[in-house]
Every structure is written in C-alpha cells, then in structure tokens.
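Working notes for the structure below.
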Amino acid sequence: MNANLKRLHPYPFERLAQLKKGLVPPGDRQHIALSIGEPGHATPHFIQEALLSHLHGLSRYPNTLGLHELRQAIAAWLARRFALPAKNIDPESQILPVNGTREALFSFAQCVLDSGEKPVVIMPNPFYQIYEGAALLAGAEPYYVNTLEENGYLPDFDAVPEAIWRRCRLVYLCSPGNPTGAVLDQTGHQRLLELAERYQFLIAADECYSEIYADEDNPPPGLLQSAHAMGNSAFRRCIVFHSLSKRSNAPGLRSGFVAGDAQVLRRYFQYRTYHGCAMPLPTQHASSAAWQDETHVRQNRQQYREKFTAVLDILDTVCSVSRPPASFYLWLKTPIADSEFARRLFAQENITVLPGSFLSRTSNGIDPGRHHVRIALVAPLQECREAANRIRNFINSLQD
Ligand SMILES: Cc1ncc(COP(=O)(O)O)c(C=O)c1O
C-alpha cells in the first residue's frame, strides 16, 4: 500500500455524519441540508437536451484532448469573461477538458510534483480538502495559510516564511473562496505571480465559484486576466480550473476545464492520457452548449442574491454576518464551539450545516475554522428563509 494513504485526513462529510450519529431531530420539522456545496437549482433544460441528443456518442471512445468544438467554446468564453484577446488563448495547447475540477485539482499535483524534492504545497486555510489530499498523496508537505477576517478572509502570503517559499512548488489559490466567498483582486494575483517567478512554483487557481457573485457589474477577476494585464500573456506558471457544477447547476455532469501555461499543460495532457480520464462525448456536447450561454448563469446569480437578502434580513438581528462578494456560502461566526453549534442545531431544528473546523487545520497557533460554520444557500428560497428563522430561534435559545 502507498504509505501516504495513512497521511490523509477523514473527509469533512464523514466527520459530519459521525457528529450527527445517534441524534434524533424533531420529527415535526422537515430536514434542511445546508452543508454540501451542491447547487439545488435545476440544470437548464437546453443542457439536458444537448446531452440527450448526443447519446449516440456513447458508442465511441473519447480522447483526452476533447473535441475541438468544446475547446473552442471554452476559449471564446474565457476571452469574453476575462476580457482577454482571443488570439491569446489557443484551444489546441492551452485548454483541456476535465471531468469536474475535483479530479483535476487532485491529479494536477500528482503530475507536477516530484516527491524526491520534498516539495511544499501552499494552500488557503480553511480549504477544499482535495488540495491537502492531493499534496499528501503526491508526497508533498502542505503549508496552510490562514484566511482571517482581519485580512478580508484572503490568504496572507506576506506571512509565509522565506524557507517555505524556497521549497514551494505549487500554490492552490481559491478565489472566490470556499468557504468565505472572499475574492482576490488583481493586485493580489500579481503579487503572487511575482512570487511564483522568484521562487519558481506553479499556481493552481481554483475558480469554480467565479460565476456566482453578488454585484452584476463587478465580476471577480481571474488569474489569467491578471497575468495578461502584467504582460504575462503566455500565462506562464498559471493554470486555472473552471467548472460547470456551480455556474450551470450541473454537478452531476462532471464537467470543467483547465487552461493556462501551454508548457505545463503539455505535460499534464501526457499525464492524463495514462490516467485515462477522457470526457464522454455526450458530456462534451452538453458542456459546449453550456459555455456558450450566459442567460441561465445570470438567472442563477439572481436566485442566490434573493436568498442572501432574505437570509441576512433574518440573521442580522442575532449575529454578525455579512454578504460575501461571491460564492453561495455564509461563513457564520458561532457563539459556541462550531461542532457543538452544528450538532445542537441539527438536534433542535433539523438543519445540517458544516462546522468550520472540519475545513481547517491549526496553523501558526490559529485554527481559522473554529467558531464558524459554513452555510450553503443551496436549498430553494422558501427553505432558506425557513432555515434562517430556525437558526435565529436556535441562536436566541443559546442566550436563554
Ligand atoms: C472550492 C471547490 N473547488 C472545486 C470543487 C469541485 O467541483 P467540481 O468537481 O464539481 O467541478 C468544489 C466543489 O464543491 C469546491 O467547493
């Protein structure tokens, strides 16, 4: 067995199931799940249609590079969304389809890290646990950079010691962030890009929440956009990860892409031909249709805005919580220990939320997930409102 398997931590949802074990929630209240980041909105009909009308593609093996038509649709989307000149994105060498970003975020580390070097992988804290698992199984040492309220919930890269930068070969960036919804601006991206040049590491920018944002006129910047703005038009050292799961409410489609530095992607392509994870042809056609439409994405954002407004109106009176610039998460401070909060909320109100400390590690003496819970506003508006009312009652009951 691979000895590194022992280094893996239990997945947050395993810990959550353990936390809830044996509890009997009140039977008169319907269960509301706000723990998993699975969008509850329907997958648009035209995406389903595109999938169905290409089912005959199941008779063929897809290839790793994917259809030109899909990569072309993705290149056009990247150019539109991030104001990049179309000539700067080559669908042949700078884009690869992936079966959701999860597998890609994981396999990318296996491809680019050399365990013999004893590399360090830097990641935000709290984080999407795949980053950590990917680093551990690649034989690397994770280094957790806290994202605290005093830094706008953004990673404080200035606090990373020089000795760590020297060993760093990969940085996972998550902007917009899960679980805080914080957005790194162009200056932040460019500062990290300068560090990447100085210390020779790659940046894996997980941008899977980039299309779920609050201000319609102010979309989150992407890493490729920031690189281009500083003259790095070949996107040296940058690989971005995008997904249809949240943008297009299609987590079951398992569709996303990676894009950026052609030299790195050439090696990642080689890795993927062995890994054997080509995207099925019907999925590629459905994905191509999805990347070409923005109407459903705007409607999607509008639904989340309505939910944030409704929920914050109710919770404002009992706790300090604010609307994040992006994502569909509320990162709520809890008056008692976060796991106790989640346990009792389930037992009293039949609502499931995720304890913040299940998403974080102690770093520099601080566990940034402590005393927080992550609330995913994925249920329908009426259920989110109902959940907020029950959470308010629950918080009030703690003060009695
Ligand atoms: C931060 C982050 N990255 C990546 C993913 C993976 O998304 P998918 O594999 O569906 O593209 C998720 C899913 O919840 C996520 O929260």
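Residues in the structure tokens are named by chain (A, B, ... in the order shown) and by number from 1 within that chain; ligands are numbered from 1 in the order shown.
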TODO: Pick out the residues no farther than 9 Å from ligand 1, counting only C-alpha atoms and all ligand atoms, and list them as number ranges by chain.
DONE: A: 36-38, 98-105, 127-131, 174-179, 206-209, 241-246, 250-257
Open item on the list: Can you tell me which residues surround Pro124 (chain A) at a distance of at most 9 Å, considering only C-alpha atoms, apart from same-chain residues fewer than 2 positions away, and format the answer as a ChimeraX atom specification?
Closed with: /A:122,126-128,143-147,154-156,171-174,177,360
Grab the residues selected above and save them as a tab-separated table (two decimals), in the first residue's frame with all heavy atoms.
chain	number	residue	atom	x	y	z
A	122	ILE	N	1.46	25.09	-0.95
A	122	ILE	CA	0.79	26.11	-0.12
A	122	ILE	C	-0.69	26.15	-0.48
A	122	ILE	O	-1.04	26.07	-1.67
A	122	ILE	CB	1.47	27.49	-0.35
A	122	ILE	CG1	2.89	27.43	0.22
A	122	ILE	CG2	0.66	28.62	0.26
A	122	ILE	CD1	3.66	28.74	0.13
A	126	PRO	N	-9.20	28.04	6.05
A	126	PRO	CA	-9.76	26.75	5.64
A	126	PRO	C	-9.72	26.56	4.13
A	126	PRO	O	-9.48	27.49	3.39
A	126	PRO	CB	-11.22	26.82	6.14
A	126	PRO	CG	-11.54	28.25	6.30
A	126	PRO	CD	-10.24	28.95	6.60
A	127	PHE	N	-10.02	25.31	3.71
A	127	PHE	CA	-9.76	24.96	2.31
A	127	PHE	C	-10.66	23.82	1.86
A	127	PHE	O	-11.28	23.13	2.66
A	127	PHE	CB	-8.29	24.55	2.16
A	127	PHE	CG	-7.87	23.48	3.14
A	127	PHE	CD1	-8.02	22.15	2.83
A	127	PHE	CD2	-7.35	23.83	4.39
A	127	PHE	CE1	-7.66	21.16	3.74
A	127	PHE	CE2	-6.98	22.84	5.31
A	127	PHE	CZ	-7.14	21.50	4.98
A	128	TYR	N	-10.66	23.63	0.55
A	128	TYR	CA	-11.32	22.49	-0.08
A	128	TYR	C	-10.34	21.32	0.08
A	128	TYR	O	-9.21	21.39	-0.39
A	128	TYR	CB	-11.56	22.85	-1.55
A	128	TYR	CG	-12.22	21.78	-2.38
A	128	TYR	CD1	-13.41	21.18	-1.97
A	128	TYR	CD2	-11.68	21.40	-3.61
A	128	TYR	CE1	-14.02	20.20	-2.75
A	128	TYR	CE2	-12.29	20.44	-4.40
A	128	TYR	CZ	-13.46	19.84	-3.96
A	128	TYR	OH	-14.05	18.89	-4.73
A	143	TYR	N	1.37	23.39	3.38
A	143	TYR	CA	1.58	24.55	4.25
A	143	TYR	C	0.31	25.39	4.18
A	143	TYR	O	-0.11	25.80	3.10
A	143	TYR	CB	2.80	25.37	3.80
A	143	TYR	CG	3.10	26.51	4.76
A	143	TYR	CD1	3.91	26.31	5.88
A	143	TYR	CD2	2.54	27.77	4.57
A	143	TYR	CE1	4.16	27.35	6.78
A	143	TYR	CE2	2.78	28.81	5.47
A	143	TYR	CZ	3.60	28.58	6.57
A	143	TYR	OH	3.83	29.60	7.46
A	144	TYR	N	-0.30	25.60	5.34
A	144	TYR	CA	-1.63	26.22	5.39
A	144	TYR	C	-1.51	27.72	5.68
A	144	TYR	O	-0.95	28.10	6.71
A	144	TYR	CB	-2.47	25.58	6.50
A	144	TYR	CG	-2.49	24.06	6.43
A	144	TYR	CD1	-1.67	23.29	7.28
A	144	TYR	CD2	-3.30	23.39	5.53
A	144	TYR	CE1	-1.68	21.90	7.22
A	144	TYR	CE2	-3.31	22.01	5.47
A	144	TYR	CZ	-2.50	21.26	6.31
A	144	TYR	OH	-2.50	19.90	6.26
A	145	VAL	N	-2.05	28.54	4.79
A	145	VAL	CA	-2.01	30.00	5.00
A	145	VAL	C	-3.40	30.45	5.46
A	145	VAL	O	-4.39	30.33	4.72
A	145	VAL	CB	-1.63	30.74	3.70
A	145	VAL	CG1	-1.52	32.23	3.95
A	145	VAL	CG2	-0.31	30.20	3.17
A	146	ASN	N	-3.45	30.95	6.69
A	146	ASN	CA	-4.74	31.32	7.26
A	146	ASN	C	-5.43	32.43	6.48
A	146	ASN	O	-4.78	33.37	6.02
A	146	ASN	CB	-4.56	31.78	8.72
A	146	ASN	CG	-4.10	30.64	9.61
A	146	ASN	OD1	-4.34	29.48	9.30
A	146	ASN	ND2	-3.45	30.97	10.72
A	147	THR	N	-6.74	32.30	6.33
A	147	THR	CA	-7.54	33.38	5.74
A	147	THR	C	-8.46	33.89	6.85
A	147	THR	O	-9.47	33.28	7.16
A	147	THR	CB	-8.37	32.88	4.54
A	147	THR	OG1	-9.23	31.83	4.96
A	147	THR	CG2	-7.49	32.35	3.42
A	154	LEU	N	-8.64	36.72	3.07
A	154	LEU	CA	-7.74	36.35	1.97
A	154	LEU	C	-6.44	35.80	2.55
A	154	LEU	O	-6.06	36.17	3.67
A	154	LEU	CB	-7.45	37.58	1.11
A	154	LEU	CG	-8.66	38.09	0.33
A	154	LEU	CD1	-8.40	39.47	-0.26
A	154	LEU	CD2	-9.05	37.10	-0.77
A	155	PRO	N	-5.75	34.93	1.81
A	155	PRO	CA	-4.50	34.38	2.35
A	155	PRO	C	-3.45	35.48	2.51
A	155	PRO	O	-3.26	36.32	1.61
A	155	PRO	CB	-4.06	33.37	1.28
A	155	PRO	CG	-4.94	33.58	0.10
A	155	PRO	CD	-6.11	34.38	0.50
A	156	ASP	N	-2.79	35.46	3.66
A	156	ASP	CA	-1.76	36.47	3.94
A	156	ASP	C	-0.41	35.90	3.50
A	156	ASP	O	0.34	35.33	4.30
A	156	ASP	CB	-1.77	36.78	5.44
A	156	ASP	CG	-0.72	37.82	5.80
A	156	ASP	OD1	-0.15	38.43	4.86
A	156	ASP	OD2	-0.47	38.01	7.00
A	171	VAL	N	1.11	26.36	-5.52
A	171	VAL	CA	0.18	27.08	-4.63
A	171	VAL	C	-1.23	26.85	-5.14
A	171	VAL	O	-1.51	27.08	-6.32
A	171	VAL	CB	0.48	28.61	-4.61
A	171	VAL	CG1	-0.63	29.36	-3.87
A	171	VAL	CG2	1.81	28.89	-3.95
A	172	TYR	N	-2.09	26.36	-4.27
A	172	TYR	CA	-3.52	26.33	-4.60
A	172	TYR	C	-4.12	27.66	-4.16
A	172	TYR	O	-3.98	28.06	-2.99
A	172	TYR	CB	-4.24	25.20	-3.85
A	172	TYR	CG	-4.05	23.83	-4.47
A	172	TYR	CD1	-3.25	22.88	-3.84
A	172	TYR	CD2	-4.68	23.49	-5.66
A	172	TYR	CE1	-3.08	21.62	-4.40
A	172	TYR	CE2	-4.51	22.22	-6.22
A	172	TYR	CZ	-3.72	21.30	-5.58
A	172	TYR	OH	-3.55	20.05	-6.13
A	173	LEU	N	-4.79	28.29	-5.10
A	173	LEU	CA	-5.49	29.53	-4.80
A	173	LEU	C	-6.97	29.21	-4.95
A	173	LEU	O	-7.32	28.46	-5.86
A	173	LEU	CB	-5.05	30.56	-5.84
A	173	LEU	CG	-5.28	32.03	-5.55
A	173	LEU	CD1	-4.52	32.45	-4.30
A	173	LEU	CD2	-4.83	32.86	-6.76
A	174	CYS	N	-7.81	29.77	-4.10
A	174	CYS	CA	-9.24	29.53	-4.24
A	174	CYS	C	-9.95	30.88	-4.17
A	174	CYS	O	-10.21	31.40	-3.09
A	174	CYS	CB	-9.73	28.58	-3.15
A	174	CYS	SG	-11.45	28.09	-3.36
A	177	GLY	N	-13.43	32.34	-2.70
A	177	GLY	CA	-13.06	31.31	-1.75
A	177	GLY	C	-14.22	30.46	-1.26
A	177	GLY	O	-15.32	30.94	-1.05
A	360	SER	N	-10.57	23.08	8.28
A	360	SER	CA	-9.34	23.84	8.55
A	360	SER	C	-8.36	23.02	9.38
A	360	SER	O	-8.71	21.97	9.93
A	360	SER	CB	-9.71	25.13	9.29
A	360	SER	OG	-10.37	24.80	10.50
Kindly provide the residues of region 251-314 of chain A that approach region 185-205 of chain A to within 10 Å, each paired with its closest atom pair and their distance in Å to one decimal, based on only C-alpha atoms, listed by chain and increasing number, as a Markdown table.
| residue | atom | partner | partner_atom | distance |
| --- | --- | --- | --- | --- |
| A:Val258 | CA | A:Ala204 | CA | 9.3 |
| A:Ala259 | CA | A:Ala205 | CA | 9.9 |
| A:Gly260 | CA | A:Ala204 | CA | 9.7 |
| A:Asp261 | CA | A:Leu202 | CA | 9.6 |
| A:Val264 | CA | A:Leu202 | CA | 9.0 |
Open item on the list: Neighbouring residues of Leu281 (chain A) were defined as those with any atom within 10 Å, considering only C-alpha atoms; residues of the same chain fewer than 2 positions away were excluded. Please report them as an MDAnalysis selection string.
Closed with: chainID A and resid 51 54:63 66:67 278:279 283:287
TODO: Counting only C-alpha atoms, figure out which residue out of A:Glu49, A:Glu150, A:Glu117, A:Glu294 gets nearest to Arg81 (chain A).
DONE: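 Smallest separation from Arg81 (chain A) among the options: A:Glu294.
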I'd like to know which residues of region 97-287 of chain A are alpha helix (DSSP H) (by DSSP, run on the backbone); could you write them as a short mmCIF file (atom, residue, chain, number, x, y, z; two decimals) with N, CA, C and O atoms, in the first residue's frame?
data_model
loop_
_atom_site.label_atom_id
_atom_site.label_comp_id
_atom_site.auth_asym_id
_atom_site.auth_seq_id
_atom_site.Cartn_x
_atom_site.Cartn_y
_atom_site.Cartn_z
N THR A 101 -13.75 19.75 -11.62
CA THR A 101 -12.44 20.25 -11.20
C THR A 101 -11.83 19.41 -10.09
O THR A 101 -10.62 19.41 -9.89
N ARG A 102 -12.66 18.69 -9.37
CA ARG A 102 -12.14 17.89 -8.25
C ARG A 102 -11.04 16.93 -8.70
O ARG A 102 -9.94 16.93 -8.15
N GLU A 103 -11.34 16.13 -9.70
CA GLU A 103 -10.32 15.17 -10.16
C GLU A 103 -9.10 15.89 -10.72
O GLU A 103 -7.97 15.44 -10.58
N ALA A 104 -9.35 17.04 -11.34
CA ALA A 104 -8.23 17.76 -11.96
C ALA A 104 -7.35 18.41 -10.90
O ALA A 104 -6.11 18.37 -10.98
N LEU A 105 -7.96 19.00 -9.88
CA LEU A 105 -7.18 19.62 -8.80
C LEU A 105 -6.31 18.57 -8.13
O LEU A 105 -5.17 18.83 -7.71
N PHE A 106 -6.85 17.36 -8.03
CA PHE A 106 -6.10 16.27 -7.41
C PHE A 106 -4.98 15.78 -8.33
O PHE A 106 -3.80 15.74 -7.95
N SER A 107 -5.34 15.45 -9.57
CA SER A 107 -4.35 14.81 -10.45
C SER A 107 -3.25 15.78 -10.87
O SER A 107 -2.12 15.36 -11.15
N PHE A 108 -3.59 17.08 -10.90
CA PHE A 108 -2.58 18.07 -11.29
C PHE A 108 -1.35 17.98 -10.37
O PHE A 108 -0.21 17.99 -10.83
N ALA A 109 -1.61 17.87 -9.07
CA ALA A 109 -0.50 17.78 -8.12
C ALA A 109 0.33 16.51 -8.36
O ALA A 109 1.56 16.53 -8.29
N GLN A 110 -0.35 15.41 -8.69
CA GLN A 110 0.38 14.15 -8.92
C GLN A 110 1.30 14.30 -10.12
O GLN A 110 2.38 13.72 -10.20
N CYS A 111 0.85 15.11 -11.08
CA CYS A 111 1.61 15.29 -12.32
C CYS A 111 2.81 16.23 -12.12
O CYS A 111 3.90 15.93 -12.60
N VAL A 112 2.61 17.33 -11.41
CA VAL A 112 3.66 18.37 -11.43
C VAL A 112 4.66 18.28 -10.27
O VAL A 112 5.70 18.93 -10.31
N GLN A 129 -10.80 20.26 0.75
CA GLN A 129 -9.86 19.28 1.27
C GLN A 129 -9.09 18.50 0.18
O GLN A 129 -8.07 17.87 0.46
N ILE A 130 -9.56 18.59 -1.04
CA ILE A 130 -8.84 17.92 -2.14
C ILE A 130 -7.41 18.46 -2.26
O ILE A 130 -6.48 17.72 -2.57
N TYR A 131 -7.21 19.77 -1.99
CA TYR A 131 -5.86 20.34 -2.12
C TYR A 131 -4.90 19.59 -1.19
O TYR A 131 -3.77 19.26 -1.57
N GLU A 132 -5.35 19.41 0.03
CA GLU A 132 -4.49 18.77 1.03
C GLU A 132 -4.23 17.30 0.67
O GLU A 132 -3.08 16.83 0.71
N GLY A 133 -5.30 16.58 0.29
CA GLY A 133 -5.16 15.17 -0.07
C GLY A 133 -4.23 15.01 -1.27
O GLY A 133 -3.42 14.08 -1.32
N ALA A 134 -4.36 15.93 -2.22
CA ALA A 134 -3.52 15.87 -3.43
C ALA A 134 -2.06 16.05 -3.05
O ALA A 134 -1.18 15.33 -3.53
N ALA A 135 -1.80 17.01 -2.16
CA ALA A 135 -0.42 17.28 -1.74
C ALA A 135 0.14 16.07 -0.99
O ALA A 135 1.26 15.60 -1.25
N LEU A 136 -0.65 15.53 -0.06
CA LEU A 136 -0.16 14.42 0.76
C LEU A 136 0.13 13.19 -0.09
O LEU A 136 1.17 12.54 0.06
N LEU A 137 -0.78 12.87 -1.01
CA LEU A 137 -0.56 11.67 -1.82
C LEU A 137 0.55 11.86 -2.85
O LEU A 137 1.11 10.88 -3.35
N GLU A 162 10.32 32.70 4.26
CA GLU A 162 11.20 32.55 3.08
C GLU A 162 11.57 31.07 2.83
O GLU A 162 11.55 30.60 1.69
N ALA A 163 11.85 30.36 3.92
CA ALA A 163 12.27 28.95 3.78
C ALA A 163 11.15 28.11 3.15
O ALA A 163 11.43 27.14 2.43
N ILE A 164 9.92 28.48 3.42
CA ILE A 164 8.78 27.75 2.83
C ILE A 164 8.67 28.09 1.34
O ILE A 164 8.50 27.21 0.49
N TRP A 165 8.79 29.38 1.03
CA TRP A 165 8.72 29.77 -0.39
C TRP A 165 9.77 29.02 -1.20
O TRP A 165 9.52 28.59 -2.31
N ARG A 166 10.96 28.87 -0.62
CA ARG A 166 12.04 28.22 -1.37
C ARG A 166 11.71 26.77 -1.73
O ARG A 166 12.14 26.29 -2.77
N ARG A 167 10.95 26.12 -0.86
CA ARG A 167 10.60 24.71 -1.13
C ARG A 167 9.25 24.56 -1.85
O ARG A 167 8.87 23.47 -2.25
N GLN A 186 -6.84 41.97 -8.51
CA GLN A 186 -5.76 41.82 -9.48
C GLN A 186 -4.38 42.03 -8.85
O GLN A 186 -3.43 41.33 -9.17
N THR A 187 -4.30 43.00 -7.93
CA THR A 187 -3.02 43.25 -7.27
C THR A 187 -2.57 42.01 -6.50
O THR A 187 -1.38 41.65 -6.52
N GLY A 188 -3.51 41.36 -5.84
CA GLY A 188 -3.19 40.14 -5.08
C GLY A 188 -2.68 39.04 -6.00
O GLY A 188 -1.70 38.36 -5.71
N HIS A 189 -3.37 38.87 -7.14
CA HIS A 189 -2.92 37.87 -8.12
C HIS A 189 -1.50 38.18 -8.58
O HIS A 189 -0.65 37.30 -8.69
N GLN A 190 -1.27 39.47 -8.88
CA GLN A 190 0.01 39.85 -9.49
C GLN A 190 1.16 39.70 -8.50
O GLN A 190 2.27 39.31 -8.85
N ARG A 191 0.85 39.98 -7.25
CA ARG A 191 1.87 39.79 -6.20
C ARG A 191 2.27 38.31 -6.14
O ARG A 191 3.44 37.96 -6.06
N LEU A 192 1.26 37.44 -6.20
CA LEU A 192 1.55 36.00 -6.14
C LEU A 192 2.30 35.56 -7.40
O LEU A 192 3.21 34.72 -7.32
N LEU A 193 1.97 36.16 -8.53
CA LEU A 193 2.68 35.81 -9.77
C LEU A 193 4.15 36.21 -9.70
O LEU A 193 5.02 35.49 -10.21
N GLU A 194 4.42 37.34 -9.06
CA GLU A 194 5.82 37.75 -8.88
C GLU A 194 6.56 36.74 -8.01
O GLU A 194 7.69 36.35 -8.30
N LEU A 195 5.88 36.32 -6.94
CA LEU A 195 6.50 35.31 -6.07
C LEU A 195 6.73 34.01 -6.84
O LEU A 195 7.75 33.33 -6.65
N ALA A 196 5.78 33.66 -7.71
CA ALA A 196 5.90 32.41 -8.48
C ALA A 196 7.14 32.45 -9.37
O ALA A 196 7.84 31.45 -9.52
N GLU A 197 7.41 33.62 -9.95
CA GLU A 197 8.61 33.76 -10.78
C GLU A 197 9.87 33.67 -9.93
O GLU A 197 10.84 33.00 -10.28
N ARG A 198 9.81 34.38 -8.78
CA ARG A 198 11.02 34.43 -7.94
C ARG A 198 11.37 33.04 -7.41
O ARG A 198 12.52 32.65 -7.40
N TYR A 199 10.33 32.31 -6.95
CA TYR A 199 10.62 31.03 -6.28
C TYR A 199 10.31 29.81 -7.16
O TYR A 199 10.44 28.67 -6.72
N LEU A 223 -7.22 34.64 -12.69
CA LEU A 223 -5.75 34.68 -12.69
C LEU A 223 -5.18 34.97 -14.09
O LEU A 223 -4.21 35.72 -14.23
N LEU A 224 -5.81 34.40 -15.12
CA LEU A 224 -5.28 34.61 -16.47
C LEU A 224 -5.38 36.09 -16.86
O LEU A 224 -4.47 36.65 -17.49
N GLN A 225 -6.49 36.69 -16.43
CA GLN A 225 -6.72 38.12 -16.71
C GLN A 225 -5.64 38.97 -16.03
O GLN A 225 -5.06 39.87 -16.64
N SER A 226 -5.34 38.65 -14.78
CA SER A 226 -4.33 39.41 -14.03
C SER A 226 -2.95 39.19 -14.64
O SER A 226 -2.13 40.12 -14.70
N ALA A 227 -2.69 37.96 -15.09
CA ALA A 227 -1.39 37.67 -15.70
C ALA A 227 -1.24 38.47 -16.98
O ALA A 227 -0.21 39.12 -17.21
N HIS A 228 -2.29 38.46 -17.79
CA HIS A 228 -2.25 39.19 -19.07
C HIS A 228 -2.02 40.69 -18.82
O HIS A 228 -1.22 41.33 -19.52
N ALA A 229 -2.70 41.22 -17.80
CA ALA A 229 -2.59 42.66 -17.50
C ALA A 229 -1.17 43.06 -17.10
O ALA A 229 -0.79 44.23 -17.23
N LEU A 244 -18.54 23.57 -14.55
CA LEU A 244 -19.96 23.86 -14.83
C LEU A 244 -20.83 23.51 -13.61
O LEU A 244 -22.03 23.78 -13.63
N SER A 245 -20.25 22.91 -12.59
CA SER A 245 -21.07 22.43 -11.47
C SER A 245 -21.86 23.54 -10.81
O SER A 245 -23.07 23.42 -10.62
N LYS A 246 -21.18 24.64 -10.45
CA LYS A 246 -21.87 25.73 -9.75
C LYS A 246 -22.43 26.72 -10.76
O LYS A 246 -23.53 27.21 -10.63
N ARG A 247 -21.62 27.04 -11.79
CA ARG A 247 -22.04 28.02 -12.79
C ARG A 247 -23.35 27.63 -13.46
O ARG A 247 -24.24 28.44 -13.64
N ALA A 262 0.90 26.72 -21.62
CA ALA A 262 0.92 25.62 -22.59
C ALA A 262 1.99 24.57 -22.27
O ALA A 262 1.78 23.38 -22.48
N GLN A 263 3.13 25.04 -21.73
CA GLN A 263 4.21 24.07 -21.43
C GLN A 263 3.79 23.11 -20.34
O GLN A 263 4.06 21.91 -20.39
N VAL A 264 3.13 23.65 -19.33
CA VAL A 264 2.68 22.80 -18.22
C VAL A 264 1.56 21.88 -18.71
O VAL A 264 1.52 20.69 -18.40
N LEU A 265 0.65 22.45 -19.50
CA LEU A 265 -0.50 21.65 -19.96
C LEU A 265 -0.06 20.52 -20.90
O LEU A 265 -0.72 19.48 -20.95
N ARG A 266 1.03 20.72 -21.61
CA ARG A 266 1.54 19.65 -22.49
C ARG A 266 1.89 18.42 -21.64
O ARG A 266 1.56 17.30 -21.97
N ARG A 267 2.53 18.65 -20.49
CA ARG A 267 2.90 17.53 -19.61
C ARG A 267 1.66 16.96 -18.91
O ARG A 267 1.55 15.76 -18.70
N TYR A 268 0.74 17.86 -18.56
CA TYR A 268 -0.47 17.40 -17.88
C TYR A 268 -1.31 16.56 -18.85
O TYR A 268 -1.92 15.56 -18.47
N PHE A 269 -1.33 16.98 -20.12
CA PHE A 269 -2.03 16.21 -21.15
C PHE A 269 -1.44 14.80 -21.22
O PHE A 269 -2.14 13.79 -21.22
N GLN A 270 -0.10 14.73 -21.24
CA GLN A 270 0.58 13.43 -21.30
C GLN A 270 0.17 12.58 -20.09
O GLN A 270 -0.17 11.40 -20.22
N TYR A 271 0.17 13.21 -18.92
CA TYR A 271 -0.23 12.50 -17.69
C TYR A 271 -1.66 11.96 -17.85
O TYR A 271 -1.95 10.81 -17.53
N ARG A 272 -2.55 12.80 -18.37
CA ARG A 272 -3.96 12.42 -18.45
C ARG A 272 -4.22 11.29 -19.46
O ARG A 272 -5.17 10.54 -19.31
N THR A 273 -3.37 11.19 -20.48
CA THR A 273 -3.57 10.09 -21.43
C THR A 273 -3.38 8.75 -20.70
O THR A 273 -4.06 7.78 -20.99
N TYR A 274 -2.48 8.71 -19.72
CA TYR A 274 -2.27 7.48 -18.94
C TYR A 274 -3.33 7.30 -17.87
O TYR A 274 -3.79 6.21 -17.59
N HIS A 275 -3.69 8.43 -17.27
CA HIS A 275 -4.68 8.41 -16.20
C HIS A 275 -6.02 7.91 -16.76
O HIS A 275 -6.82 7.32 -16.05
N LEU A 281 -18.30 11.78 -24.86
CA LEU A 281 -18.70 12.71 -25.93
C LEU A 281 -20.03 13.42 -25.66
O LEU A 281 -20.12 14.64 -25.89
N PRO A 282 -21.06 12.74 -25.15
CA PRO A 282 -22.30 13.48 -24.88
C PRO A 282 -22.06 14.61 -23.86
O PRO A 282 -22.60 15.70 -23.99
N THR A 283 -21.21 14.35 -22.87
CA THR A 283 -20.88 15.38 -21.87
C THR A 283 -20.18 16.55 -22.53
O THR A 283 -20.41 17.72 -22.19
N GLN A 284 -19.31 16.25 -23.48
CA GLN A 284 -18.59 17.33 -24.16
C GLN A 284 -19.56 18.22 -24.94
O GLN A 284 -19.45 19.45 -24.92
N HIS A 285 -20.54 17.62 -25.60
CA HIS A 285 -21.50 18.43 -26.36
C HIS A 285 -22.37 19.27 -25.43
O HIS A 285 -22.63 20.45 -25.69
N ALA A 286 -22.82 18.66 -24.34
CA ALA A 286 -23.65 19.40 -23.38
C ALA A 286 -22.84 20.55 -22.78
O ALA A 286 -23.34 21.67 -22.59
N SER A 287 -21.55 20.31 -22.53
CA SER A 287 -20.68 21.33 -21.93
C SER A 287 -20.46 22.48 -22.91
O SER A 287 -20.50 23.66 -22.53
#
Near Gln302 (chain A), within 12 Å and counting only C-alpha atoms, which residues show up once chain neighbours fewer than 4 positions away are dropped, as a compact mmCIF listing (two decimals) with N, CA and C atoms, in the first residue's frame?
# COMPACT_ATOMS: atom_id res chain seq x y z
N HIS A 41 -30.42 24.39 -7.62
CA HIS A 41 -31.21 24.87 -8.75
C HIS A 41 -31.18 23.84 -9.88
N GLU A 211 -18.36 32.43 -11.15
CA GLU A 211 -19.58 32.95 -11.79
C GLU A 211 -20.72 33.19 -10.81
N ILE A 212 -20.47 32.91 -9.52
CA ILE A 212 -21.51 33.14 -8.51
C ILE A 212 -21.08 34.36 -7.71
N TYR A 213 -21.51 35.55 -8.12
CA TYR A 213 -21.07 36.76 -7.43
C TYR A 213 -22.23 37.72 -7.19
N ALA A 214 -22.01 38.64 -6.25
CA ALA A 214 -23.11 39.50 -5.77
C ALA A 214 -23.39 40.67 -6.72
N ASP A 215 -22.33 41.35 -7.17
CA ASP A 215 -22.52 42.58 -7.94
C ASP A 215 -22.39 42.26 -9.43
N GLU A 216 -23.52 42.39 -10.12
CA GLU A 216 -23.53 42.03 -11.55
C GLU A 216 -22.50 42.83 -12.35
N THR A 295 -27.34 33.46 -20.21
CA THR A 295 -28.64 33.83 -19.64
C THR A 295 -28.92 33.03 -18.37
N HIS A 296 -28.71 31.72 -18.45
CA HIS A 296 -29.02 30.89 -17.27
C HIS A 296 -28.09 31.23 -16.11
N VAL A 297 -26.87 31.70 -16.41
CA VAL A 297 -25.91 32.00 -15.33
C VAL A 297 -26.35 33.29 -14.61
N ARG A 298 -26.83 34.25 -15.41
CA ARG A 298 -27.34 35.49 -14.78
C ARG A 298 -28.55 35.19 -13.89
N GLU A 306 -31.31 36.79 -4.14
CA GLU A 306 -32.57 36.81 -3.39
C GLU A 306 -32.45 36.02 -2.09
N LYS A 307 -31.73 34.91 -2.16
CA LYS A 307 -31.58 34.08 -0.96
C LYS A 307 -30.72 34.79 0.09
N PHE A 308 -29.61 35.39 -0.36
CA PHE A 308 -28.74 36.11 0.60
C PHE A 308 -29.54 37.23 1.28
N THR A 309 -30.32 38.00 0.48
CA THR A 309 -31.08 39.11 1.06
C THR A 309 -32.05 38.58 2.11
N PHE A 328 -21.82 30.85 -2.82
CA PHE A 328 -23.16 30.77 -2.22
C PHE A 328 -23.10 30.37 -0.74
N LEU A 381 -35.45 29.10 -2.14
CA LEU A 381 -35.59 30.35 -1.37
C LEU A 381 -36.44 30.15 -0.11
TODO: For each of A:Ala42, A:Val318, A:Leu359, A:Val311, take the minimum atom-to-atom distance to Ala387 (chain A), counting only C-alpha atoms, then give the residue where this is smallest.
DONE: A:Val311
Task: Between CA of Ala388 (chain A) and CA of Asn249 (chain A) - distance in Å to one decimal - done: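 Taking CA of Asn249 (chain A) as the start and CA of Ala388 (chain A) as the end point, the length is 22.8 Å.
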- [ ] Would you mind reading off the distance between CA of His371 (chain A) and CA of Lys6 (chain A), one decimal, in Å?
- [x]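 Straight-line distance from CA of His371 (chain A) to CA of Lys6 (chain A) works out to 28.0 Å.
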Open item on the list: Which residues are close to Thr317 (chain A), i.e. within 12 Å by only C-alpha atoms, leaving aside same-chain residues fewer than 6 positions away? Reply as a VMD selection string.
Closed with: chain A and resid 311 388 to 389 391 to 393 395 to 396
